[in-house]
Amino acid sequence: MESLIIIVQNVRRDDMNRGRNKFNARKVTLDNHRFDSKAEAARYSELKLLLRQRLISHLELQPEYILIEPYVNGAGQKIRGMKYRADFRYIDMKTGETVIEDVKGRKTDVYKIKKKLFEQKYYPQIIVEI
């Protein structure tokens with residue numbers, strides 16, 4: 001009987017994790033856009049309000065930046081390039097600057113490396129973490 005209880009508990013735990021990523025964030029769909037977390041969807045809602053108030057313009061979702069171009073190494077192997085995909089990009093109407101935002105719950109090692117590569121290649125542009 002004990003093994004039956006364990007099996008039932010594991011099924012329930014698996015059911016609870018559906019639709020979540022490794023950081024336990026739940027994906028959310030809003031305005032036909034799929035967001036990786038509730039926080040990202042909430043920030044999108046805030047940015048839409050700023051857009052309606054004309055405080056920002058040119059709102060883009062998930063703009064991509066090339067960090068490293070594809071290349072062929074010394075052994076003749078083709079090496080894929082590396083991209084960084086931000087959550088949002090828009091123009092701040094007050095300053096005229098392009099703002100790149102990333103909604104972060106947790107900064108992974110990969111993110112930290114990509115942020116450094118981005119800031120080196122696209123200087124003086126920076127990533128604003130929300």
# chains A, B, ... in the order shown; residues from 1 in each chain; ligands from 1
call {"tool": "closest_atom_pairs", "arguments": {"of": "range 78-114 of chain A", "to": "range 30-37 of chain A", "cutoff": "12 Å", "atoms": "only C-alpha atoms", "output": "tab-separated table"}}
result
residue	atom	partner	partner_atom	distance
A:Ala86	CA	A:Asp36	CA	11.9
A:Asp87	CA	A:Phe35	CA	8.9
A:Phe88	CA	A:Phe35	CA	11.2
A:Asp102	CA	A:Asp36	CA	11.4
A:Val103	CA	A:Ser37	CA	8.9
A:Lys104	CA	A:Ser37	CA	9.5
A:Gly105	CA	A:Ser37	CA	9.1
A:Arg106	CA	A:Ser37	CA	11.8
call {"tool": "write_last_selection", "arguments": {"atoms": "N, CA, C and O atoms", "output": "PDB file, in the first residue's frame"}}
result
ATOM      1  N   ALA A  86      16.401  39.675 -25.982  1.00  0.00           N
ATOM      2  CA  ALA A  86      15.873  40.461 -24.867  1.00  0.00           C
ATOM      3  C   ALA A  86      14.370  40.237 -24.769  1.00  0.00           C
ATOM      4  O   ALA A  86      13.752  39.670 -25.679  1.00  0.00           O
ATOM      5  N   ASP A  87      13.777  40.702 -23.689  1.00  0.00           N
ATOM      6  CA  ASP A  87      12.324  40.588 -23.555  1.00  0.00           C
ATOM      7  C   ASP A  87      11.619  41.724 -24.298  1.00  0.00           C
ATOM      8  O   ASP A  87      10.630  41.490 -24.993  1.00  0.00           O
ATOM      9  N   PHE A  88      12.147  42.956 -24.138  1.00  0.00           N
ATOM     10  CA  PHE A  88      11.491  44.119 -24.745  1.00  0.00           C
ATOM     11  C   PHE A  88      12.520  45.122 -25.232  1.00  0.00           C
ATOM     12  O   PHE A  88      13.616  45.231 -24.670  1.00  0.00           O
ATOM     13  N   ASP A 102      15.111  43.232 -19.837  1.00  0.00           N
ATOM     14  CA  ASP A 102      15.038  41.800 -19.596  1.00  0.00           C
ATOM     15  C   ASP A 102      14.435  41.603 -18.218  1.00  0.00           C
ATOM     16  O   ASP A 102      14.952  42.135 -17.233  1.00  0.00           O
ATOM     17  N   VAL A 103      13.324  40.873 -18.156  1.00  0.00           N
ATOM     18  CA  VAL A 103      12.682  40.585 -16.876  1.00  0.00           C
ATOM     19  C   VAL A 103      13.382  39.368 -16.299  1.00  0.00           C
ATOM     20  O   VAL A 103      13.376  38.298 -16.900  1.00  0.00           O
ATOM     21  N   LYS A 104      14.013  39.545 -15.151  1.00  0.00           N
ATOM     22  CA  LYS A 104      14.815  38.474 -14.569  1.00  0.00           C
ATOM     23  C   LYS A 104      14.324  38.101 -13.184  1.00  0.00           C
ATOM     24  O   LYS A 104      14.183  38.947 -12.314  1.00  0.00           O
ATOM     25  N   GLY A 105      14.063  36.833 -13.001  1.00  0.00           N
ATOM     26  CA  GLY A 105      13.797  36.304 -11.678  1.00  0.00           C
ATOM     27  C   GLY A 105      15.104  35.794 -11.097  1.00  0.00           C
ATOM     28  O   GLY A 105      15.405  35.962  -9.924  1.00  0.00           O
ATOM     29  N   ARG A 106      15.909  35.211 -11.962  1.00  0.00           N
ATOM     30  CA  ARG A 106      17.196  34.646 -11.549  1.00  0.00           C
ATOM     31  C   ARG A 106      18.183  34.828 -12.689  1.00  0.00           C
ATOM     32  O   ARG A 106      17.879  34.544 -13.842  1.00  0.00           O
TER      33      ARG A 106
END
call {"tool": "select_by_dssp", "arguments": {"residues": "range 12-79 of chain A", "states": "strand (DSSP E)", "output": "list in words"}}
result
Val28, Thr29, Leu30, His33, Arg34, Phe35, Ile56, Ser57, His58, Leu59, Glu60, Leu61, Glu64, Tyr65, Ile66, Leu67, Ile68, Tyr71, Val72, Lys78 and Ile79 of chain A
call {"tool": "select_by_dssp", "arguments": {"residues": "chain A", "states": "helix (DSSP H, G or I)", "output": "number ranges by chain"}}
result
A: 2-17, 38-52, 109-121
call {"tool": "closest_residue", "arguments": {"among": "A:Ile79, A:Ile100, A:Ile91, A:Ile126", "to": "Leu50 in chain A", "atoms": "only C-alpha atoms"}}
result
A:Ile91
call {"tool": "closest_residue", "arguments": {"among": "A:Ile130, A:Leu55, A:Met93, A:Met82", "to": "Lys107 in chain A", "atoms": "only C-alpha atoms"}}
result
A:Ile130
call {"tool": "atom_distance", "arguments": {"atom1": "CA of Pro70 in chain A", "atom2": "CA of Glu101 in chain A"}}
result
25.3 Å
call {"tool": "atom_distance", "arguments": {"atom1": "CA of Lys116 in chain A", "atom2": "CA of Ile68 in chain A"}}
result
12.2 Å
call {"tool": "atom_distance", "arguments": {"atom1": "CA of Ser57 in chain A", "atom2": "CA of Asp92 in chain A"}}
result
6.8 Å
